[in-house]
>>> print(open('query.json').read())   # JSON, C-alpha atoms
[["chain", "number", "residue", "atom", "x", "y", "z"],
["A", 28, "MET", "CA", -0.53, -19.15, 17.22],
["A", 29, "THR", "CA", 0.83, -15.88, 18.56],
["A", 30, "GLY", "CA", 2.84, -17.52, 21.31],
["A", 31, "GLY", "CA", 6.42, -18.64, 21.07],
["A", 32, "THR", "CA", 9.74, -17.03, 20.36],
["A", 33, "TRP", "CA", 9.90, -18.24, 16.79],
["A", 34, "TYR", "CA", 6.72, -16.38, 15.90],
["A", 35, "TRP", "CA", 8.30, -13.11, 16.94],
["A", 36, "VAL", "CA", 11.60, -13.96, 15.23],
["A", 37, "LEU", "CA", 9.65, -14.51, 12.01],
["A", 38, "PHE", "CA", 7.69, -11.32, 12.59],
["A", 39, "GLY", "CA", 10.93, -9.37, 13.10],
["A", 40, "LEU", "CA", 12.40, -10.76, 9.89],
["A", 41, "CYS", "CA", 9.26, -9.95, 7.87],
["A", 42, "ALA", "CA", 8.93, -6.48, 9.41],
["A", 43, "ALA", "CA", 12.58, -5.68, 8.68],
["A", 44, "TRP", "CA", 12.08, -6.94, 5.12],
["A", 45, "VAL", "CA", 8.99, -4.77, 4.59],
["A", 46, "ILE", "CA", 10.60, -1.67, 6.07],
["A", 47, "VAL", "CA", 13.90, -2.03, 4.18],
["A", 48, "CYS", "CA", 12.09, -2.59, 0.87],
["A", 49, "GLY", "CA", 9.70, 0.30, 1.64],
["A", 50, "ILE", "CA", 12.64, 2.64, 2.22],
["A", 51, "GLY", "CA", 14.11, 1.32, -1.02],
["A", 52, "VAL", "CA", 10.97, 2.41, -2.89],
["A", 53, "VAL", "CA", 11.20, 6.03, -1.77],
["A", 54, "ALA", "CA", 15.01, 6.36, -1.64],
["A", 55, "LEU", "CA", 16.33, 4.68, -4.78],
["A", 56, "ARG", "CA", 17.08, 6.93, -7.76],
["A", 57, "ASN", "CA", 16.38, 4.53, -10.60],
["A", 58, "ILE", "CA", 12.61, 4.10, -10.79],
["A", 59, "VAL", "CA", 12.87, 0.52, -12.06],
["A", 60, "HIS", "CA", 14.85, -0.36, -8.94],
["A", 61, "SER", "CA", 12.13, 1.32, -6.89],
["A", 62, "ALA", "CA", 9.47, -0.77, -8.62],
["A", 63, "VAL", "CA", 11.35, -4.02, -7.97],
["A", 64, "SER", "CA", 11.79, -2.98, -4.34],
["A", 65, "MET", "CA", 8.04, -2.35, -4.20],
["A", 66, "VAL", "CA", 7.35, -5.88, -5.45],
["A", 67, "PHE", "CA", 9.46, -7.32, -2.64],
["A", 68, "CYS", "CA", 7.77, -5.03, -0.13],
["A", 69, "PHE", "CA", 4.34, -6.38, -1.21],
["A", 70, "LEU", "CA", 5.69, -9.92, -0.88],
["A", 71, "GLY", "CA", 6.78, -9.12, 2.69],
["A", 72, "VAL", "CA", 3.30, -7.79, 3.45],
["A", 73, "ALA", "CA", 1.89, -11.12, 2.21],
["A", 74, "PHE", "CA", 4.13, -12.91, 4.75],
["A", 75, "ILE", "CA", 2.82, -10.57, 7.43],
["A", 76, "TYR", "CA", -0.73, -11.63, 6.48],
["A", 77, "VAL", "CA", 0.27, -15.27, 6.89],
["A", 78, "LEU", "CA", 1.62, -14.47, 10.37],
["A", 79, "LEU", "CA", -1.76, -12.84, 11.11],
["A", 80, "ASN", "CA", -3.65, -16.04, 10.15],
["A", 81, "ALA", "CA", -5.12, -14.43, 7.03],
["A", 82, "GLU", "CA", -3.92, -16.92, 4.44],
["A", 83, "LEU", "CA", -6.57, -15.99, 1.88],
["A", 84, "LEU", "CA", -5.52, -12.35, 2.05],
["A", 85, "ALA", "CA", -1.90, -13.42, 1.58],
["A", 86, "VAL", "CA", -2.82, -15.27, -1.61],
["A", 87, "ILE", "CA", -4.90, -12.32, -2.83],
["A", 88, "GLN", "CA", -2.04, -9.96, -1.98],
["A", 89, "ILE", "CA", 0.38, -12.00, -4.09],
["A", 90, "LEU", "CA", -2.09, -12.32, -6.98],
["A", 91, "ILE", "CA", -3.20, -8.68, -7.12],
["A", 92, "TYR", "CA", -0.31, -6.65, -5.77],
["A", 93, "VAL", "CA", 2.73, -8.76, -6.67],
["A", 94, "GLY", "CA", 1.17, -10.04, -9.87],
["A", 95, "ALA", "CA", -1.13, -7.41, -11.33],
["A", 96, "ILE", "CA", -0.44, -3.98, -9.87],
["A", 97, "SER", "CA", 3.34, -4.34, -10.17],
["A", 98, "VAL", "CA", 3.02, -5.27, -13.84],
["A", 99, "VAL", "CA", 0.74, -2.29, -14.51],
["A", 100, "ILE", "CA", 3.20, 0.03, -12.78],
["A", 101, "LEU", "CA", 6.15, -1.46, -14.69],
["A", 102, "PHE", "CA", 4.23, -0.90, -17.95],
["A", 103, "GLY", "CA", 3.60, 2.69, -16.87],
["A", 104, "ILE", "CA", 7.33, 3.12, -16.25],
["A", 105, "MET", "CA", 8.26, 1.64, -19.62],
["A", 106, "LEU", "CA", 5.76, 3.80, -21.54],
["A", 107, "THR", "CA", 7.20, 7.01, -20.13],
["A", 108, "GLU", "CA", 10.62, 8.58, -20.13],
["A", 109, "HIS", "CA", 12.48, 9.13, -16.88],
["A", 110, "PRO", "CA", 15.26, 11.59, -16.18],
["A", 111, "ARG", "CA", 18.70, 10.48, -15.04],
["A", 112, "GLY", "CA", 21.16, 12.72, -13.33],
["A", 113, "ARG", "CA", 21.86, 14.52, -10.12],
["A", 114, "LEU", "CA", 19.90, 14.05, -6.91],
["A", 115, "GLY", "CA", 17.94, 17.30, -7.22],
["A", 116, "LEU", "CA", 16.00, 15.81, -10.11],
["A", 117, "PHE", "CA", 14.47, 13.17, -7.88],
["A", 118, "PHE", "CA", 13.57, 14.97, -4.68],
["A", 119, "ASN", "CA", 11.58, 18.15, -4.17],
["A", 120, "ARG", "CA", 13.21, 21.26, -2.78],
["A", 121, "GLN", "CA", 10.92, 20.84, 0.22],
["A", 122, "SER", "CA", 12.05, 17.28, 0.95],
["A", 123, "ILE", "CA", 14.49, 18.52, 3.64],
["A", 124, "PHE", "CA", 11.49, 19.63, 5.69],
["A", 125, "VAL", "CA", 9.44, 16.54, 4.91],
["A", 126, "LEU", "CA", 11.88, 14.09, 6.52],
["A", 127, "PRO", "CA", 11.75, 15.47, 10.11],
["A", 128, "LEU", "CA", 8.00, 16.00, 9.74],
["A", 129, "VAL", "CA", 7.42, 12.38, 8.74],
["A", 130, "VAL", "CA", 9.76, 11.03, 11.44],
["A", 131, "ALA", "CA", 8.03, 13.14, 14.10],
["A", 132, "THR", "CA", 4.60, 11.96, 12.93],
["A", 133, "MET", "CA", 5.80, 8.37, 12.97],
["A", 134, "LEU", "CA", 7.19, 8.57, 16.52],
["A", 135, "GLY", "CA", 4.06, 10.38, 17.73],
["A", 136, "PHE", "CA", 1.70, 7.79, 16.31],
["A", 137, "VAL", "CA", 3.78, 4.85, 17.56],
["A", 138, "ALA", "CA", 3.75, 6.37, 21.06],
["A", 139, "LEU", "CA", 0.00, 6.89, 20.74],
["A", 140, "ALA", "CA", -0.60, 3.30, 19.64],
["A", 141, "VAL", "CA", 1.55, 1.85, 22.44],
["A", 142, "SER", "CA", 0.00, 4.03, 25.15],
["A", 143, "ALA", "CA", -3.58, 3.51, 23.93],
["A", 144, "LYS", "CA", -5.72, 1.40, 26.23],
["A", 145, "LEU", "CA", -6.47, -1.36, 23.76],
["A", 146, "PRO", "CA", -8.24, -4.40, 25.17],
["A", 147, "PRO", "CA", -5.89, -7.29, 25.88],
["A", 148, "SER", "CA", -5.55, -9.56, 22.92],
["A", 149, "GLY", "CA", -6.82, -13.09, 23.01],
["A", 150, "SER", "CA", -4.51, -15.96, 22.29],
["A", 151, "GLU", "CA", -6.55, -17.45, 19.44],
["A", 152, "SER", "CA", -7.11, -15.94, 16.04],
["A", 153, "HIS", "CA", -10.32, -14.14, 15.11],
["A", 154, "ASN", "CA", -9.73, -14.08, 11.41],
["A", 155, "PRO", "CA", -12.49, -15.98, 9.59],
["A", 156, "ALA", "CA", -12.00, -19.24, 7.79],
["A", 157, "LEU", "CA", -12.39, -19.23, 4.02],
["A", 158, "GLU", "CA", -15.90, -20.74, 4.18],
["A", 159, "VAL", "CA", -17.16, -18.17, 6.71],
["A", 160, "LEU", "CA", -15.58, -15.38, 4.72],
["A", 161, "SER", "CA", -17.08, -16.33, 1.39],
["A", 162, "LYS", "CA", -20.54, -16.85, 2.93],
["A", 163, "ALA", "CA", -20.41, -13.40, 4.49],
["A", 164, "LEU", "CA", -19.14, -11.88, 1.25],
["A", 165, "PHE", "CA", -22.14, -13.16, -0.73],
["A", 166, "ASN", "CA", -24.80, -12.63, 1.93],
["A", 167, "GLU", "CA", -24.15, -9.77, 4.32],
["A", 168, "TYR", "CA", -21.71, -7.92, 2.05],
["A", 169, "VAL", "CA", -23.33, -8.58, -1.31],
["A", 170, "TYR", "CA", -24.19, -4.92, -1.95],
["A", 171, "PRO", "CA", -20.61, -3.65, -1.37],
["A", 172, "PHE", "CA", -19.43, -6.58, -3.49],
["A", 173, "GLU", "CA", -21.66, -5.59, -6.44],
["A", 174, "LEU", "CA", -20.79, -1.92, -5.96],
["A", 175, "VAL", "CA", -17.07, -2.71, -6.11],
["A", 176, "SER", "CA", -17.56, -4.66, -9.33],
["A", 177, "VAL", "CA", -19.31, -1.63, -10.86],
["A", 178, "VAL", "CA", -16.39, 0.56, -9.69],
["A", 179, "LEU", "CA", -13.92, -1.86, -11.31],
["A", 180, "LEU", "CA", -15.85, -1.77, -14.59],
["A", 181, "ALA", "CA", -15.96, 2.04, -14.50],
["A", 182, "ALA", "CA", -12.22, 2.16, -13.76],
["A", 183, "MET", "CA", -11.50, -0.17, -16.68],
["A", 184, "VAL", "CA", -13.57, 1.87, -19.15],
["A", 185, "GLY", "CA", -12.14, 5.10, -17.74],
["A", 186, "ALA", "CA", -8.56, 3.89, -18.06],
["A", 187, "ILE", "CA", -9.10, 2.88, -21.70],
["A", 188, "LEU", "CA", -10.75, 6.22, -22.48],
["A", 189, "LEU", "CA", -8.03, 8.25, -20.75],
["A", 190, "ALA", "CA", -5.06, 6.42, -22.22],
["A", 191, "ARG", "CA", -6.47, 6.28, -25.78],
["A", 192, "ARG", "CA", -4.79, 8.47, -28.34],
["A", 193, "GLU", "CA", -7.14, 11.25, -29.40],
["A", 194, "ASP", "CA", -7.23, 11.58, -33.15],
["B", 13, "MET", "CA", 3.95, -4.11, 24.35],
["B", 14, "LYS", "CA", 0.96, -6.22, 23.38],
["B", 15, "PRO", "CA", 1.13, -8.30, 20.17],
["B", 16, "VAL", "CA", -1.11, -5.91, 18.26],
["B", 17, "ASP", "CA", 1.21, -3.01, 19.12],
["B", 18, "TRP", "CA", 4.06, -4.50, 17.10],
["B", 19, "TYR", "CA", 1.87, -4.80, 14.03],
["B", 20, "LEU", "CA", 0.51, -1.28, 14.54],
["B", 21, "ALA", "CA", 4.08, 0.05, 14.81],
["B", 22, "LEU", "CA", 4.99, -1.71, 11.56],
["B", 23, "ALA", "CA", 1.89, -0.28, 9.87],
["B", 24, "ILE", "CA", 2.68, 3.25, 11.09],
["B", 25, "ILE", "CA", 6.30, 3.05, 9.96],
["B", 26, "LEU", "CA", 5.30, 1.76, 6.50],
["B", 27, "PHE", "CA", 2.60, 4.44, 6.24],
["B", 28, "CYS", "CA", 5.12, 7.18, 7.07],
["B", 29, "ILE", "CA", 7.63, 5.83, 4.53],
["B", 30, "GLY", "CA", 4.87, 6.03, 1.92],
["B", 31, "ALA", "CA", 3.91, 9.54, 3.06],
["B", 32, "TYR", "CA", 7.54, 10.60, 2.66],
["B", 33, "GLY", "CA", 7.55, 9.25, -0.89],
["B", 34, "VAL", "CA", 4.33, 11.10, -1.74],
["B", 35, "LEU", "CA", 5.59, 14.38, -0.29],
["B", 36, "ALA", "CA", 9.24, 14.36, -1.29],
["B", 37, "ARG", "CA", 9.58, 12.68, -4.68],
["B", 38, "ARG", "CA", 9.17, 14.40, -8.03],
["B", 39, "ASN", "CA", 8.31, 11.44, -10.21],
["B", 40, "ILE", "CA", 4.53, 11.04, -10.47],
["B", 41, "ILE", "CA", 4.75, 7.24, -10.93],
["B", 42, "LEU", "CA", 6.81, 7.02, -7.76],
["B", 43, "VAL", "CA", 4.10, 9.00, -5.99],
["B", 44, "VAL", "CA", 1.55, 6.38, -7.11],
["B", 45, "MET", "CA", 3.85, 3.62, -5.84],
["B", 46, "SER", "CA", 4.23, 5.34, -2.47],
["B", 47, "LEU", "CA", 0.43, 5.61, -2.27],
["B", 48, "GLU", "CA", 0.26, 1.85, -2.69],
["B", 49, "LEU", "CA", 2.69, 1.46, 0.22],
["B", 50, "MET", "CA", 0.39, 3.60, 2.37],
["B", 51, "LEU", "CA", -2.65, 1.49, 1.42],
["B", 52, "ASN", "CA", -0.71, -1.66, 2.34],
["B", 53, "ALA", "CA", 0.17, -0.16, 5.71],
["B", 54, "VAL", "CA", -3.50, 0.51, 6.45],
["B", 55, "ASN", "CA", -4.35, -3.06, 5.41],
["B", 56, "ILE", "CA", -1.79, -4.45, 7.87],
["B", 57, "ALA", "CA", -3.36, -2.43, 10.68],
["B", 58, "LEU", "CA", -6.88, -3.62, 9.76],
["B", 59, "VAL", "CA", -5.88, -7.29, 9.61],
["B", 60, "ALA", "CA", -3.95, -6.98, 12.89],
["B", 61, "PHE", "CA", -7.01, -5.56, 14.62],
["B", 62, "ALA", "CA", -9.26, -8.23, 13.13],
["B", 63, "ASN", "CA", -6.84, -10.92, 14.29],
["B", 64, "PHE", "CA", -5.96, -9.79, 17.80],
["B", 65, "MET", "CA", -8.90, -7.89, 19.24],
["B", 66, "PRO", "CA", -11.18, -10.22, 21.22],
["B", 67, "THR", "CA", -14.19, -7.93, 20.84],
["B", 68, "ALA", "CA", -13.70, -7.29, 17.15],
["B", 69, "SER", "CA", -15.61, -9.25, 14.57],
["B", 70, "PRO", "CA", -13.71, -10.38, 11.47],
["B", 71, "ARG", "CA", -14.96, -7.36, 9.54],
["B", 72, "GLY", "CA", -11.40, -6.08, 9.14],
["B", 73, "THR", "CA", -10.69, -8.90, 6.72],
["B", 74, "TYR", "CA", -13.72, -8.08, 4.54],
["B", 75, "PHE", "CA", -12.72, -4.44, 4.58],
["B", 76, "VAL", "CA", -9.21, -5.30, 3.39],
["B", 77, "LEU", "CA", -10.65, -7.29, 0.48],
["B", 78, "PHE", "CA", -12.53, -4.21, -0.72],
["B", 79, "VAL", "CA", -9.52, -1.94, -0.12],
["B", 80, "ILE", "CA", -7.33, -4.19, -2.29],
["B", 81, "THR", "CA", -9.92, -4.16, -5.08],
["B", 82, "LEU", "CA", -10.27, -0.39, -4.98],
["B", 83, "ALA", "CA", -6.47, -0.01, -4.91],
["B", 84, "ALA", "CA", -6.31, -1.98, -8.15],
["B", 85, "ALA", "CA", -8.93, 0.33, -9.70],
["B", 86, "GLU", "CA", -7.10, 3.39, -8.40],
["B", 87, "VAL", "CA", -3.73, 2.40, -9.80],
["B", 88, "THR", "CA", -5.26, 1.66, -13.23],
["B", 89, "VAL", "CA", -6.96, 5.04, -13.51],
["B", 90, "GLY", "CA", -3.96, 6.80, -11.96],
["B", 91, "LEU", "CA", -1.52, 5.38, -14.49],
["B", 92, "ALA", "CA", -3.93, 6.16, -17.35],
["B", 93, "ILE", "CA", -3.97, 9.79, -16.20],
["B", 94, "VAL", "CA", -0.16, 9.75, -15.93],
["B", 95, "ILE", "CA", 0.15, 8.47, -19.52],
["B", 96, "ALA", "CA", -2.40, 10.99, -20.83],
["B", 97, "ASN", "CA", -0.45, 13.75, -19.08],
["B", 98, "TYR", "CA", 2.84, 12.41, -20.41],
["B", 99, "ARG", "CA", 1.46, 12.62, -23.94],
["B", 100, "ASN", "CA", 0.75, 16.33, -23.47],
["B", 101, "ARG", "CA", 3.79, 17.43, -21.48],
["B", 102, "ARG", "CA", 6.44, 14.80, -22.39],
["B", 103, "SER", "CA", 7.31, 14.60, -18.69],
["B", 104, "VAL", "CA", 6.49, 12.61, -15.58],
["B", 105, "GLN", "CA", 7.97, 15.15, -13.16],
["B", 106, "THR", "CA", 5.37, 16.75, -10.90],
["B", 107, "ASP", "CA", 6.83, 20.24, -11.25],
["B", 108, "ASP", "CA", 6.23, 20.20, -15.00],
["B", 109, "TYR", "CA", 2.49, 19.90, -14.43],
["B", 110, "ASP", "CA", 2.05, 23.63, -13.84],
["B", 111, "GLU", "CA", -0.80, 24.60, -16.18],
["B", 112, "LEU", "CA", -3.08, 25.51, -13.27],
["B", 113, "LYS", "CA", -0.58, 28.02, -11.91],
["B", 114, "GLY", "CA", -2.24, 31.44, -11.72]]
>>> encode(input="query.json", output="structure tokens")
Amino acid sequence: MTGGTWYWVLFGLCAAWVIVCGIGVVALRNIVHSAVSMVFCFLGVAFIYVLLNAELLAVIQILIYVGAISVVILFGIMLTEHPRGRLGLFFNRQSIFVLPLVVATMLGFVALAVSAKLPPSGSESHNPALEVLSKALFNEYVYPFELVSVVLLAAMVGAILLARRED
Amino acid sequence: MKPVDWYLALAIILFCIGAYGVLARRNIILVVMSLELMLNAVNIALVAFANFMPTASPRGTYFVLFVITLAAAEVTVGLAIVIANYRNRRSVQTDDYDELKG
């Protein structure tokens, strides 16, 4: 699956898509444009999952991130008021120092990852098939699964309580 | 470079873009969005390891499932807090949230 030139051409396209849309999220002034850019970035990440043989994760990514989380964030944007104007309104005073810091961290970690002595990768995929994955989720990982559902319930109740008008 | 290195490089670059958004932007909703970018970057790294490492078991995929679920919970509570704060301060800019200043 990983062999072949076309695989890496597709990977390059998807990676460029994800990075360009990611930069769009942090660099665009209008927050609605940022949100739309974020949706496309999540879509690119779903393509990356497909390239990594994790088709189920790609579907879940589209359902939850592209479908649900984006809509929640867009609702959050529409329920609040956002300033328009000069550039200083959008970036911190400290953002001049943040850019070289982030770029230096990025280069350092990429160098670290490339120079790390990772074991050579096999040619075949190790991602589980849907059947294996669901069996593991309801046997070996049933306690984390139940715990996560309790966390989701608590988050739902908490969000309603927090966002309710107090009167 | 090995195949996994390319995916790790992509994950690191996306993570750093998200970190820049968290550190440099004033809008609190944009900070939440940048956090989501960082979570996605970590997910890419986990799936890449689960896919390419011969010694690794597929646990990375299970982990990503739980990370996605918790990200959904986090964004819900985060935006509820943002809206509660907006009701008090009529602002979403982080520098207007200065009540804890000494």
>>> atom_distance(input="query.json", atom1="atom CA of Val137 of chain A", atom2="atom CA of Ala21 of chain B")
5.5 Å
>>> closest_residue(input="query.json", among="A:Ala156, A:Ala131, A:Val99, A:Leu116", to="Ala186 of chain A", atoms="all atoms listed in the file")
A:Val99
>>> residues_around(input="query.json", residues="Ala96 of chain B", least_positions_apart="3", cutoff="7 Å", atoms="only C-alpha atoms", output="count of residues only")
6
>>> residues_around(input="query.json", residues="segment 77-83 of chain B", least_positions_apart="6", cutoff="8 Å", atoms="all atoms listed in the file", output="tab-separated table (two decimals) with C-alpha atoms, in the frame of the given file")
chain	number	residue	atom	x	y	z
A	84	LEU	CA	-5.52	-12.35	2.05
A	88	GLN	CA	-2.04	-9.96	-1.98
A	91	ILE	CA	-3.20	-8.68	-7.12
A	172	PHE	CA	-19.43	-6.58	-3.49
A	175	VAL	CA	-17.07	-2.71	-6.11
A	178	VAL	CA	-16.39	0.56	-9.69
A	179	LEU	CA	-13.92	-1.86	-11.31
B	48	GLU	CA	0.26	1.85	-2.69
B	51	LEU	CA	-2.65	1.49	1.42
B	55	ASN	CA	-4.35	-3.06	5.41
>>> closest_residue(input="query.json", among="A:Met133, A:Val177, A:Val36, A:Leu139", to="chain B", atoms="all atoms listed in the file")
A:Met133
>>> atom_distance(input="query.json", atom1="atom CA of Leu49 of chain B", atom2="atom CA of Ala62 of chain B")
20.1 Å
>>> residues_near_point(input="query.json", point="(4.4, 14.7, -19.4)", cutoff="12 Å", atoms="only C-alpha atoms", output="list in words")
Leu106, Thr107, Glu108, His109 and Pro110 of chain A; Asn39, Ile40, Ile41, Ile93, Val94, Ile95, Ala96, Asn97, Tyr98, Arg99, Asn100, Arg101, Arg102, Ser103, Val104, Gln105, Thr106, Asp107, Asp108, Tyr109, Asp110 and Glu111 of chain B
>>> residues_near_point(input="query.json", point="(-2.9, -0.1, 6.6)", cutoff="12 Å", atoms="all atoms listed in the file", output="number ranges by chain")
A: 72, 75-76; B: 19-28, 30, 47-61, 72-73, 75-76, 79-80
>>> closest_residue(input="query.json", among="A:Ala143, A:Val169, A:Leu79, A:Val63", to="chain B", atoms="all atoms listed in the file")
A:Leu79
>>> interface_residues(input="query.json", of="chain B", to="chain A", cutoff="6 Å", atoms="all atoms listed in the file", output="list in words")
Asp17, Ala21, Cys28, Gly33, Ala36, Arg37, Arg38, Asn63, Phe64, Met65, Pro66, Pro70, Ala85, Val89, Ala92 and Ala96 of chain B
>>> atom_distance(input="query.json", atom1="atom CA of Leu55 of chain A", atom2="atom CA of Phe67 of chain A")
14.0 Å
>>> closest_residue(input="query.json", among="A:Val98, A:Asn57, A:Tyr170, A:Lys162", to="Thr88 of chain B", atoms="only C-alpha atoms")
A:Val98
>>> axis_aligned_box(input="query.json", around="segment 95-113 of chain A", padding_each_side="3 Å", output="AutoDock Vina command-line options")
--center_x 10.4 --center_y 3.6 --center_z -15.7 --size_x 29.0 --size_y 27.9 --size_z 17.7
